[in-house]
$ cat my_file.tsv   # TSV, C-alpha atoms
chain	number	residue	atom	x	y	z
A	1230	MET	CA	12.02	5.16	9.22
A	1231	VAL	CA	9.48	2.38	9.13
A	1232	ASN	CA	10.03	-0.18	6.36
A	1233	SER	CA	7.81	1.03	3.51
A	1234	SER	CA	7.63	-2.29	1.66
A	1235	ASN	CA	4.07	-3.48	1.20
A	1236	ASN	CA	4.68	-6.75	-0.58
A	1237	ASN	CA	2.31	-9.31	0.88
A	1238	ARG	CA	0.15	-12.28	0.00
A	1239	PHE	CA	-2.69	-10.01	-1.17
A	1240	GLU	CA	-0.64	-8.15	-3.75
A	1241	ASN	CA	-2.21	-7.60	-7.18
A	1242	LEU	CA	-5.81	-8.20	-6.14
A	1243	THR	CA	-8.25	-6.31	-8.37
A	1244	LEU	CA	-11.47	-4.57	-7.48
A	1245	GLY	CA	-14.76	-6.03	-8.60
A	1246	LEU	CA	-16.26	-9.47	-8.05
A	1247	PRO	CA	-13.06	-11.07	-6.69
A	1248	VAL	CA	-12.97	-8.46	-3.90
A	1249	ARG	CA	-16.65	-8.92	-3.03
A	1250	ASP	CA	-15.99	-12.65	-2.89
A	1251	LEU	CA	-13.53	-11.95	-0.07
A	1252	PHE	CA	-16.46	-10.96	2.17
A	1253	PRO	CA	-18.50	-13.92	3.42
A	1254	PHE	CA	-21.39	-11.67	4.43
A	1255	PHE	CA	-22.61	-11.62	0.83
A	1256	LYS	CA	-23.25	-15.36	0.99
A	1257	GLY	CA	-24.57	-15.40	4.56
A	1258	PRO	CA	-28.05	-15.58	6.10
A	1259	TYR	CA	-28.40	-11.79	6.54
A	1260	ALA	CA	-27.60	-11.03	2.91
A	1261	LYS	CA	-31.06	-10.25	1.56
A	1262	LYS	CA	-31.43	-10.66	-2.19
A	1263	ALA	CA	-28.31	-9.17	-3.83
A	1264	SER	CA	-27.44	-7.41	-0.59
A	1265	ALA	CA	-26.30	-3.80	-0.81
A	1266	TYR	CA	-24.40	-3.00	2.37
A	1267	LEU	CA	-24.15	0.80	2.34
A	1268	ASP	CA	-23.17	1.38	5.97
A	1269	THR	CA	-19.39	1.07	5.82
A	1270	ALA	CA	-18.97	4.49	7.46
A	1271	ALA	CA	-20.47	3.00	10.63
A	1272	SER	CA	-18.54	-0.26	10.43
A	1273	ALA	CA	-17.04	-2.14	7.50
A	1274	LEU	CA	-17.78	-5.76	6.68
A	1275	LYS	CA	-14.98	-8.20	7.49
A	1276	PRO	CA	-13.03	-10.02	4.78
A	1277	THR	CA	-12.18	-13.71	4.95
A	1278	PRO	CA	-8.41	-13.16	5.37
A	1279	VAL	CA	-9.01	-11.12	8.54
A	1280	ILE	CA	-11.46	-13.68	9.91
A	1281	GLU	CA	-9.11	-16.55	9.12
A	1282	ARG	CA	-6.14	-14.72	10.69
A	1283	LEU	CA	-8.09	-14.13	13.89
A	1284	THR	CA	-9.22	-17.74	13.96
A	1285	SER	CA	-5.70	-19.05	13.43
A	1286	TYR	CA	-4.20	-16.80	16.08
A	1287	LEU	CA	-6.86	-17.52	18.69
A	1288	SER	CA	-6.81	-21.25	17.93
A	1289	PHE	CA	-3.09	-21.98	17.71
A	1290	GLU	CA	-0.87	-18.98	18.49
A	1291	HIS	CA	-2.27	-17.08	21.45
A	1292	ALA	CA	-0.28	-16.19	24.54
A	1293	ASN	CA	0.12	-13.01	26.52
A	1294	ILE	CA	2.91	-10.79	25.29
A	1295	HIS	CA	6.17	-9.21	26.51
A	1296	ARG	CA	7.20	-11.06	29.67
A	1297	GLY	CA	6.52	-14.70	28.90
A	1298	ALA	CA	9.77	-16.69	29.00
A	1299	TYR	CA	8.59	-19.25	26.47
A	1300	GLU	CA	8.42	-19.49	22.69
A	1301	LEU	CA	4.67	-19.01	22.28
A	1302	SER	CA	4.72	-15.72	24.20
A	1303	ALA	CA	7.70	-14.51	22.20
A	1304	HIS	CA	5.87	-15.42	18.97
A	1305	SER	CA	2.76	-13.52	20.04
A	1306	THR	CA	4.89	-10.50	20.98
A	1307	VAL	CA	6.47	-10.49	17.52
A	1308	LEU	CA	3.04	-10.62	15.86
A	1309	TYR	CA	1.79	-7.72	17.99
A	1310	ASN	CA	4.87	-5.64	17.22
A	1311	ASP	CA	4.60	-6.47	13.52
A	1312	ALA	CA	1.01	-5.21	13.54
A	1313	ARG	CA	2.18	-1.90	15.01
A	1314	ALA	CA	4.85	-1.63	12.31
A	1315	THR	CA	2.22	-2.34	9.63
A	1316	VAL	CA	0.05	0.51	10.93
A	1317	ALA	CA	3.07	2.82	11.04
A	1318	ARG	CA	3.97	1.99	7.44
A	1319	TYR	CA	0.39	2.50	6.28
A	1320	ILE	CA	0.16	6.05	7.68
A	1321	ASN	CA	3.84	6.84	6.92
A	1322	SER	CA	4.95	7.30	10.50
A	1323	LYS	CA	8.64	7.88	11.15
A	1324	SER	CA	8.59	5.19	13.81
A	1325	SER	CA	6.27	2.46	15.02
A	1326	GLN	CA	6.89	3.86	18.53
A	1327	GLU	CA	4.59	6.73	17.55
A	1328	VAL	CA	1.63	4.33	17.24
A	1329	VAL	CA	-0.40	3.61	20.38
A	1330	PHE	CA	-2.99	0.83	20.23
A	1331	THR	CA	-6.32	1.67	21.88
A	1332	ARG	CA	-9.78	0.11	21.93
A	1333	GLY	CA	-10.90	2.52	19.21
A	1334	ALA	CA	-10.82	6.13	18.06
A	1335	THR	CA	-13.12	7.14	20.93
A	1336	GLU	CA	-10.70	5.82	23.53
A	1337	ALA	CA	-7.80	7.45	21.69
A	1338	LEU	CA	-9.54	10.83	21.87
A	1339	ASN	CA	-10.38	10.38	25.54
A	1340	LEU	CA	-6.76	9.41	26.17
A	1341	LEU	CA	-5.67	12.67	24.56
A	1342	ALA	CA	-8.23	14.76	26.42
A	1343	TYR	CA	-7.12	13.27	29.74
A	1344	SER	CA	-3.39	12.98	29.16
A	1345	TYR	CA	-2.39	15.84	26.89
A	1346	GLY	CA	-5.24	17.86	28.35
A	1347	SER	CA	-3.62	17.64	31.78
A	1348	LEU	CA	-0.69	19.65	30.39
A	1349	LEU	CA	-2.89	22.62	29.48
A	1350	ALA	CA	-3.12	25.55	31.88
A	1351	LYS	CA	-6.27	27.24	33.13
A	1352	ASP	CA	-7.78	29.68	30.61
A	1353	GLN	CA	-5.91	28.22	27.64
A	1354	GLY	CA	-8.16	27.74	24.63
A	1355	LEU	CA	-9.66	24.81	22.75
A	1356	LEU	CA	-11.13	25.18	19.28
A	1357	VAL	CA	-13.39	22.45	17.88
A	1358	SER	CA	-15.18	22.37	14.53
A	1359	LEU	CA	-18.94	21.85	14.47
A	1360	LEU	CA	-18.39	19.10	11.90
A	1361	GLU	CA	-16.97	16.69	14.45
A	1362	HIS	CA	-18.26	13.29	15.49
A	1363	HIS	CA	-19.33	13.37	19.12
A	1364	SER	CA	-16.18	11.44	20.06
A	1365	ASN	CA	-14.07	14.42	18.90
A	1366	PHE	CA	-16.45	16.88	20.55
A	1367	VAL	CA	-17.65	15.66	23.95
A	1368	PRO	CA	-14.18	14.83	25.42
A	1369	TRP	CA	-13.09	18.43	24.75
A	1370	GLN	CA	-16.22	19.78	26.43
A	1371	MET	CA	-15.45	17.59	29.43
A	1372	LEU	CA	-11.82	18.72	29.43
A	1373	ALA	CA	-12.79	22.41	29.24
A	1374	GLU	CA	-15.07	22.02	32.24
A	1375	ARG	CA	-12.55	19.95	34.19
A	1376	ARG	CA	-9.57	22.23	33.56
A	1377	GLN	CA	-11.44	25.56	33.24
A	1378	LEU	CA	-10.33	26.04	29.65
A	1379	LYS	CA	-11.87	28.36	27.09
A	1380	LEU	CA	-13.81	26.46	24.43
A	1381	ASP	CA	-15.11	27.77	21.13
A	1382	PHE	CA	-16.34	26.30	17.86
A	1383	ILE	CA	-15.60	26.66	14.15
A	1384	GLY	CA	-18.65	27.21	11.98
A	1385	LEU	CA	-19.67	25.38	8.82
A	1386	THR	CA	-20.51	26.39	5.28
A	1387	ASN	CA	-23.84	25.49	3.69
A	1388	SER	CA	-22.07	22.61	1.93
A	1389	ALA	CA	-21.11	21.00	5.28
A	1390	SER	CA	-17.46	22.01	5.14
A	1391	ILE	CA	-15.37	23.71	7.79
A	1392	ASP	CA	-15.72	27.47	7.27
A	1393	ILE	CA	-12.12	28.54	6.59
A	1394	GLU	CA	-12.77	32.24	7.15
A	1395	ASP	CA	-14.42	31.58	10.50
A	1396	TYR	CA	-11.54	29.26	11.36
A	1397	LYS	CA	-8.99	31.98	10.67
A	1398	LEU	CA	-10.97	34.51	12.71
A	1399	LYS	CA	-11.26	32.12	15.68
A	1400	LEU	CA	-7.54	31.29	15.55
A	1401	GLU	CA	-6.69	34.98	15.62
A	1402	LYS	CA	-9.21	35.78	18.36
A	1403	TYR	CA	-8.64	32.86	20.75
A	1404	ARG	CA	-5.07	31.72	20.00
A	1405	PRO	CA	-6.02	28.18	21.12
A	1406	ALA	CA	-3.58	25.67	22.53
A	1407	LEU	CA	-5.38	22.79	20.80
A	1408	VAL	CA	-7.62	22.45	17.75
A	1409	ALA	CA	-9.83	19.39	17.04
A	1410	LEU	CA	-10.73	18.73	13.40
A	1411	THR	CA	-12.03	15.96	11.18
A	1412	ALA	CA	-10.23	15.03	7.99
A	1413	HIS	CA	-13.36	13.51	6.44
A	1414	SER	CA	-16.88	14.05	7.76
A	1415	ASN	CA	-18.59	10.84	8.84
A	1416	SER	CA	-21.98	12.53	8.45
A	1417	PHE	CA	-21.71	14.36	5.12
A	1418	GLY	CA	-18.65	12.92	3.39
A	1419	THR	CA	-16.98	16.31	2.99
A	1420	VAL	CA	-13.19	16.11	2.85
A	1421	SER	CA	-11.14	18.80	4.57
A	1422	ASP	CA	-7.84	20.20	3.36
A	1423	SER	CA	-6.21	18.83	6.50
A	1424	ARG	CA	-2.70	19.92	5.61
A	1425	GLU	CA	-3.79	23.54	5.21
A	1426	LEU	CA	-5.93	23.45	8.36
A	1427	ILE	CA	-3.01	22.06	10.36
A	1428	LYS	CA	-0.62	24.66	8.94
A	1429	LEU	CA	-2.97	27.50	9.91
A	1430	ALA	CA	-3.20	26.15	13.47
A	1431	HIS	CA	0.58	25.78	13.70
A	1432	ASP	CA	0.98	29.41	12.59
A	1433	TYR	CA	-0.76	30.35	15.83
A	1434	GLY	CA	1.17	27.88	17.96
A	1435	ALA	CA	-1.69	25.40	18.35
A	1436	LYS	CA	-1.44	21.62	18.27
A	1437	VAL	CA	-4.02	19.74	16.16
A	1438	VAL	CA	-6.01	16.58	16.91
A	1439	LEU	CA	-7.11	15.08	13.58
A	1440	ASP	CA	-9.94	12.56	13.44
A	1441	ALA	CA	-8.92	10.38	10.49
A	1442	THR	CA	-11.44	7.61	11.12
A	1443	GLN	CA	-12.97	7.93	7.65
A	1444	ALA	CA	-9.92	9.40	5.90
A	1445	VAL	CA	-7.64	6.48	6.72
A	1446	VAL	CA	-10.08	4.21	4.85
A	1447	HIS	CA	-10.97	6.52	1.96
A	1448	GLY	CA	-8.02	8.35	0.47
A	1449	GLY	CA	-5.46	7.40	3.08
A	1450	ILE	CA	-3.41	9.40	5.59
A	1451	ASP	CA	0.24	10.43	5.46
A	1452	VAL	CA	1.09	11.87	8.87
A	1453	GLN	CA	4.44	13.28	7.73
A	1454	HIS	CA	2.95	15.04	4.71
A	1455	LEU	CA	0.20	16.50	6.91
A	1456	ASP	CA	2.76	17.67	9.49
A	1457	ALA	CA	0.28	16.32	12.03
A	1458	ASP	CA	0.48	16.37	15.83
A	1459	PHE	CA	-2.16	13.81	16.83
A	1460	VAL	CA	-4.15	11.47	14.55
A	1461	VAL	CA	-6.77	8.92	15.63
A	1462	PHE	CA	-8.69	6.19	13.81
A	1463	SER	CA	-10.53	2.91	14.39
A	1464	GLY	CA	-9.80	-0.55	13.05
A	1465	HIS	CA	-13.36	-1.71	12.45
A	1466	LYS	CA	-13.99	0.87	9.71
A	1467	LEU	CA	-10.76	-0.26	8.02
A	1468	TYR	CA	-12.07	-3.82	7.49
A	1469	GLY	CA	-10.41	-4.94	10.71
A	1470	PRO	CA	-11.89	-6.20	13.99
A	1471	THR	CA	-13.82	-4.18	16.52
A	1472	GLY	CA	-12.10	-3.30	19.79
A	1473	ILE	CA	-8.95	-1.89	18.19
A	1474	GLY	CA	-7.97	1.65	17.29
A	1475	CYS	CA	-4.88	3.81	17.04
A	1476	LEU	CA	-3.51	7.04	18.36
A	1477	TRP	CA	-0.59	8.38	16.38
A	1478	ALA	CA	1.40	11.22	17.90
A	1479	ARG	CA	4.83	12.75	17.58
A	1480	GLN	CA	7.29	10.99	19.87
A	1481	GLU	CA	8.20	14.21	21.67
A	1482	LEU	CA	4.52	14.80	22.51
A	1483	LEU	CA	4.00	11.23	23.74
A	1484	ALA	CA	7.08	11.66	25.94
A	1485	GLN	CA	5.51	14.68	27.65
A	1486	MET	CA	2.14	13.05	28.29
A	1487	PRO	CA	1.29	11.20	31.53
A	1488	PRO	CA	-0.35	7.75	31.33
A	1489	PHE	CA	-4.10	7.45	30.81
A	1490	HIS	CA	-4.54	4.05	32.51
A	1491	GLY	CA	-2.43	2.59	35.28
A	1492	GLY	CA	-1.67	-1.10	35.71
A	1493	GLY	CA	0.50	-3.86	34.39
A	1494	ASP	CA	2.85	-3.55	31.44
A	1495	MET	CA	2.93	0.27	31.37
A	1496	ILE	CA	5.45	0.63	34.19
A	1497	ARG	CA	9.21	0.75	34.54
A	1498	GLN	CA	9.23	0.18	38.28
A	1499	VAL	CA	6.61	-0.01	41.04
A	1500	ALA	CA	7.32	0.58	44.73
A	1501	THR	CA	5.40	1.72	47.78
A	1502	GLU	CA	7.15	5.06	47.47
A	1503	GLY	CA	5.89	5.57	43.92
A	1504	SER	CA	6.04	4.24	40.38
A	1505	SER	CA	7.76	5.16	37.14
A	1506	TRP	CA	6.55	4.58	33.61
A	1507	ALA	CA	7.73	2.73	30.54
A	1508	GLU	CA	8.46	4.64	27.36
A	1509	ALA	CA	5.69	5.32	24.85
A	1510	PRO	CA	3.81	3.59	23.36
A	1511	GLN	CA	3.89	0.96	26.13
A	1512	LYS	CA	3.22	3.71	28.70
A	1513	PHE	CA	-0.30	4.05	27.26
A	1514	GLU	CA	-1.12	0.34	26.89
A	1515	ALA	CA	-1.86	-0.82	30.42
A	1516	GLY	CA	-2.95	-4.39	30.99
A	1517	THR	CA	-3.33	-7.11	28.39
A	1518	PRO	CA	-3.69	-5.26	25.09
A	1519	PRO	CA	-6.00	-6.20	22.18
A	1520	ILE	CA	-3.46	-8.65	20.75
A	1521	ALA	CA	-5.71	-10.59	18.40
A	1522	GLU	CA	-7.46	-7.42	17.27
A	1523	ALA	CA	-4.15	-5.70	16.48
A	1524	ILE	CA	-3.03	-8.70	14.43
A	1525	GLY	CA	-6.37	-8.68	12.61
A	1526	LEU	CA	-5.99	-4.98	11.86
A	1527	GLY	CA	-2.53	-5.61	10.44
A	1528	THR	CA	-4.01	-8.22	8.10
A	1529	ALA	CA	-6.77	-5.82	7.02
A	1530	ILE	CA	-4.17	-3.18	6.18
A	1531	GLU	CA	-2.12	-5.69	4.21
A	1532	LEU	CA	-5.28	-6.52	2.25
A	1533	MET	CA	-5.84	-2.83	1.45
A	1534	GLU	CA	-2.21	-2.48	0.40
A	1535	GLY	CA	-2.51	-5.58	-1.77
A	1536	ILE	CA	-5.47	-4.16	-3.64
A	1537	GLY	CA	-3.69	-0.83	-3.98
A	1538	ARG	CA	-4.61	2.62	-2.72
A	1539	LYS	CA	-4.97	4.10	-6.22
A	1540	LYS	CA	-7.31	1.34	-7.36
A	1541	ILE	CA	-9.45	1.78	-4.26
A	1542	ASN	CA	-9.56	5.56	-4.61
A	1543	ASP	CA	-10.43	5.38	-8.31
A	1544	HIS	CA	-13.17	2.83	-7.68
A	1545	GLU	CA	-14.72	4.75	-4.80
A	1546	SER	CA	-14.49	8.10	-6.57
A	1547	ALA	CA	-16.22	6.81	-9.70
A	1548	LEU	CA	-18.94	5.13	-7.64
A	1549	TYR	CA	-19.47	8.26	-5.53
A	1550	GLN	CA	-20.01	10.36	-8.64
A	1551	PHE	CA	-22.39	7.75	-10.10
A	1552	ALA	CA	-24.38	7.60	-6.85
A	1553	TRP	CA	-24.60	11.39	-6.51
A	1554	GLU	CA	-25.85	11.70	-10.09
A	1555	LEU	CA	-28.38	8.90	-9.62
A	1556	LEU	CA	-29.83	10.13	-6.33
A	1557	SER	CA	-29.86	13.81	-7.30
A	1558	ASN	CA	-32.06	12.99	-10.29
A	1559	LEU	CA	-34.69	11.18	-8.20
A	1560	ASP	CA	-37.87	13.10	-7.45
A	1561	GLY	CA	-38.12	14.28	-3.85
A	1562	VAL	CA	-34.47	13.59	-2.94
A	1563	SER	CA	-32.26	16.32	-1.42
A	1564	LEU	CA	-28.53	15.71	-1.07
A	1565	PHE	CA	-26.40	17.45	1.54
A	1566	GLY	CA	-22.70	18.18	1.43
A	1567	SER	CA	-20.59	18.71	-1.64
A	1568	ARG	CA	-20.29	16.61	-4.77
A	1569	GLU	CA	-17.01	18.31	-5.68
A	1570	ASN	CA	-15.49	18.11	-2.21
A	1571	GLY	CA	-16.97	14.85	-0.99
A	1572	SER	CA	-16.06	11.20	-0.86
A	1573	SER	CA	-17.58	7.81	0.01
A	1574	ILE	CA	-20.57	9.13	2.03
A	1575	LEU	CA	-23.86	10.52	0.74
A	1576	ALA	CA	-26.25	12.23	3.16
A	1577	PHE	CA	-29.74	12.86	1.88
A	1578	SER	CA	-33.43	13.18	2.69
A	1579	VAL	CA	-36.55	12.08	0.85
A	1580	ASP	CA	-39.58	14.35	0.80
A	1581	LYS	CA	-42.34	13.21	3.20
A	1582	VAL	CA	-40.34	10.11	4.25
A	1583	HIS	CA	-38.61	10.02	7.63
A	1584	PRO	CA	-35.03	8.67	7.38
A	1585	HIS	CA	-35.82	5.82	9.78
A	1586	ASP	CA	-38.79	4.76	7.64
A	1587	LEU	CA	-36.60	4.91	4.56
A	1588	ALA	CA	-33.97	2.73	6.26
A	1589	SER	CA	-36.61	0.13	7.15
A	1590	ILE	CA	-38.05	0.07	3.64
A	1591	SER	CA	-34.57	-0.06	2.10
A	1592	ASP	CA	-33.80	-3.12	4.22
A	1593	GLN	CA	-36.66	-4.93	2.51
A	1594	PHE	CA	-34.86	-4.27	-0.78
A	1595	GLY	CA	-31.66	-5.76	0.61
A	1596	VAL	CA	-30.13	-2.31	1.17
A	1597	GLN	CA	-28.56	-1.40	4.50
A	1598	ILE	CA	-28.26	2.36	5.14
A	1599	ARG	CA	-27.94	4.47	8.30
A	1600	ALA	CA	-30.55	6.97	9.51
A	1601	GLY	CA	-30.42	9.57	12.29
A	1602	HIS	CA	-27.96	12.22	13.44
A	1603	HIS	CA	-24.86	10.02	12.92
A	1604	CYS	CA	-23.27	11.22	16.18
A	1605	THR	CA	-22.97	14.74	14.74
A	1606	MET	CA	-25.84	16.63	16.35
A	1607	PRO	CA	-24.03	20.03	16.37
A	1608	ALA	CA	-23.29	19.71	12.63
A	1609	LEU	CA	-26.88	18.85	11.75
A	1610	ARG	CA	-28.23	21.69	13.88
A	1611	ALA	CA	-25.82	24.12	12.21
A	1612	LEU	CA	-27.31	23.15	8.86
A	1613	GLY	CA	-30.92	23.23	10.08
A	1614	LEU	CA	-31.39	19.46	9.98
A	1615	GLN	CA	-32.82	16.99	12.48
A	1616	SER	CA	-31.71	13.76	10.82
A	1617	THR	CA	-30.64	12.38	7.46
A	1618	ALA	CA	-30.33	9.11	5.62
A	1619	ARG	CA	-26.74	8.10	4.91
A	1620	ALA	CA	-25.36	5.70	2.31
A	1621	SER	CA	-21.64	4.95	2.55
A	1622	ILE	CA	-19.29	3.16	0.18
A	1623	GLY	CA	-16.84	0.32	0.82
A	1624	ILE	CA	-14.44	-1.52	-1.46
A	1625	TYR	CA	-17.19	-4.11	-2.04
A	1626	SER	CA	-19.79	-1.51	-3.15
A	1627	ASP	CA	-20.95	-1.27	-6.75
A	1628	LYS	CA	-23.47	0.53	-8.97
A	1629	GLY	CA	-26.09	-2.15	-8.36
A	1630	ASP	CA	-26.14	-1.21	-4.66
A	1631	PHE	CA	-27.26	2.33	-5.45
A	1632	GLU	CA	-29.69	1.19	-8.12
A	1633	ALA	CA	-31.33	-0.96	-5.44
A	1634	LEU	CA	-31.36	2.05	-3.10
A	1635	ALA	CA	-33.03	4.11	-5.82
A	1636	SER	CA	-35.76	1.47	-6.12
A	1637	ALA	CA	-36.26	1.54	-2.34
A	1638	ILE	CA	-36.56	5.34	-2.40
A	1639	SER	CA	-39.19	5.16	-5.14
A	1640	GLU	CA	-41.18	2.62	-3.10
A	1641	ALA	CA	-40.92	4.73	0.04
A	1642	ARG	CA	-42.24	7.77	-1.80
A	1643	ARG	CA	-45.11	5.71	-3.16
A	1644	ILE	CA	-46.04	4.50	0.32
A	1645	PHE	CA	-45.88	7.93	1.96
A	1646	SER	CA	-47.21	10.05	-0.90

$ encode --input "my_file.tsv" --output "structure tokens"
Amino acid sequence: MVNSSNNNRFENLTLGLPVRDLFPFFKGPYAKKASAYLDTAASALKPTPVIERLTSYLSFEHANIHRGAYELSAHSTVLYNDARATVARYINSKSSQEVVFTRGATEALNLLAYSYGSLLAKDQGLLVSLLEHHSNFVPWQMLAERRQLKLDFIGLTNSASIDIEDYKLKLEKYRPALVALTAHSNSFGTVSDSRELIKLAHDYGAKVVLDATQAVVHGGIDVQHLDADFVVFSGHKLYGPTGIGCLWARQELLAQMPPFHGGGDMIRQVATEGSSWAEAPQKFEAGTPPIAEAIGLGTAIELMEGIGRKKINDHESALYQFAWELLSNLDGVSLFGSRENGSSILAFSVDKVHPHDLASISDQFGVQIRAGHHCTMPALRALGLQSTARASIGIYSDKGDFEALASAISEARRIFS
């Protein structure tokens, strides 16, 4: 069992102004007026402790890891391993050996599609929900074509949730080997009952790939409680650096899977007659890994633990309800998704205003929002939408951010009326 202690230098931080003060963006040159950064779902702002940890490591502590027979390399190896243990603790993994570092959730999903996918036999089935981000959609399409697998899709409800009845019907009909699901929609903010969805899949003998890219930030993930098989997420949405992500998988599944990349550091022995592989997770981390990025992610997680998951959840939940109430009462605004079953992300449209125009006008009010299909084209099509505006909450968000957005919406309606 991974050490569950989360005592660290950030313990007992409180939400509010002190937390916003941890993010230098709000005092920087791109912070317009009282800047309202409402695009955390795409990528979170970076706190000073993460930036300072990266700077310190890159300035004074960097060396390549594992095989260096000198103190600096050994120190760097310890830091990298500690970061893996921090991730394991945060998601309640039984062992840090179940955590594979990747360049992001997208690479983790492609790793799975290539590696675990190679174990699937012709005509076995894949089942993917229409709610998925393209990164949990396209790799399975590619795998189905490559391996001649049967591929089908789980429909959505009008409130942008996975249709449970359709899911049950498809499980019974196709008996898939693998199911790909999101825990928390990046496009609509709807939160799935992941534990129940995983249980249903297991009842039919299927393994589940869970995209927890939003869930690990908002609400948190407990892989043991979920009884998960595979979980992926990115570091940059979790207030960590870009270029780092994680694949969590059961050790027995990682042991079955062949490597995704070949090269240095993932081998046991190399000879002209053939090569053999190291144990997981090293088997999947060929070449020089993202050492600095992993260390930065560990610091970001320690910061989240220091603030406290309950405090973060309470803050984000209250702000989500405030924002939904505010936007739903504005003339010409339509919200998509579910107020009761949603979190951290609000998808909406404004009558007669294209989402891209709204995003540009909002920027003049110091409000940064996302506009477009949010890498979920199948989900939008299923709901009869072309594009939406999206405002997403971070630990630094507050009511003033959404009040500024409301002012921007009113100005956009005035311009395009």

$ closest_residue --input "my_file.tsv" --among "A:Arg1497, A:Leu1360, A:Phe1417, A:Gln1485" --to "Phe1577 in chain A" --atoms "only C-alpha atoms"
A:Phe1417

$ closest_residue --input "my_file.tsv" --among "A:Val1329, A:Leu1283, A:Ala1334, A:Val1248" --to "Glu1508 in chain A" --atoms "all atoms listed in the file"
A:Val1329

$ residues_around --input "my_file.tsv" --residues "Lys1351 in chain A" --least-positions-apart "2" --cutoff "8 Å" --atoms "all atoms listed in the file" --output "JSON list (two decimals) with C-alpha atoms, keeping the file's coordinate frame"
[["chain", "number", "residue", "atom", "x", "y", "z"],
["A", 1349, "LEU", "CA", -2.89, 22.62, 29.48],
["A", 1353, "GLN", "CA", -5.91, 28.22, 27.64],
["A", 1376, "ARG", "CA", -9.57, 22.23, 33.56],
["A", 1377, "GLN", "CA", -11.44, 25.56, 33.24],
["A", 1378, "LEU", "CA", -10.33, 26.04, 29.65]]

$ atom_distance --input "my_file.tsv" --atom1 "CA of His1413 in chain A" --atom2 "CA of Gly1525 in chain A"
24.1 Å

$ closest_atom_pairs --input "my_file.tsv" --of "range 1412-1479 of chain A" --to "range 1258-1272 of chain A" --cutoff "8 Å" --atoms "all atoms listed in the file" --output "CSV"
residue,atom,partner,partner_atom,distance
A:Asn1415,CA,A:Ala1270,CA,6.5
A:Gln1443,CA,A:Ala1270,CA,6.9
A:His1465,CA,A:Ser1272,CA,5.7
A:Lys1466,CA,A:Ser1272,CA,4.7
A:Tyr1468,CA,A:Ser1272,CA,7.9

$ residues_near_point --input "my_file.tsv" --point "(-21.5, 14.2, -8.5)" --cutoff "9 Å" --atoms "all atoms listed in the file" --output "JSON, numbers by chain"
{"A": [1549, 1550, 1551, 1552, 1553, 1554, 1555, 1557, 1567, 1568, 1569, 1571]}

$ closest_residue --input "my_file.tsv" --among "A:Leu1348, A:Val1316, A:Ala1337, A:Ala1600" --to "Gln1615 in chain A" --atoms "all atoms listed in the file"
A:Ala1600

$ closest_atom_pairs --input "my_file.tsv" --of "range 1510-1610 of chain A" --to "range 1635-1639 of chain A" --cutoff "7 Å" --atoms "all atoms listed in the file" --output "JSON lines"
{"residue": "A:Leu1556", "atom": "CA", "partner": "A:Ala1635", "partner_atom": "CA", "distance": 6.8}
{"residue": "A:Leu1587", "atom": "CA", "partner": "A:Ile1638", "partner_atom": "CA", "distance": 7.0}
{"residue": "A:Ile1590", "atom": "CA", "partner": "A:Ala1637", "partner_atom": "CA", "distance": 6.4}
{"residue": "A:Ser1591", "atom": "CA", "partner": "A:Ala1637", "partner_atom": "CA", "distance": 5.0}
{"residue": "A:Phe1594", "atom": "CA", "partner": "A:Ala1637", "partner_atom": "CA", "distance": 6.2}

$ closest_residue --input "my_file.tsv" --among "A:Val1420, A:Ala1350, A:Ala1523, A:Val1499" --to "Pro1470 in chain A" --atoms "only C-alpha atoms"
A:Ala1523

$ closest_residue --input "my_file.tsv" --among "A:Ser1616, A:Gln1370, A:Thr1331, A:Ser1463" --to "Phe1382 in chain A" --atoms "all atoms listed in the file"
A:Gln1370

$ closest_residue --input "my_file.tsv" --among "A:Leu1244, A:Ala1409, A:Ala1389, A:Ile1294" --to "Leu1614 in chain A" --atoms "only C-alpha atoms"
A:Ala1389
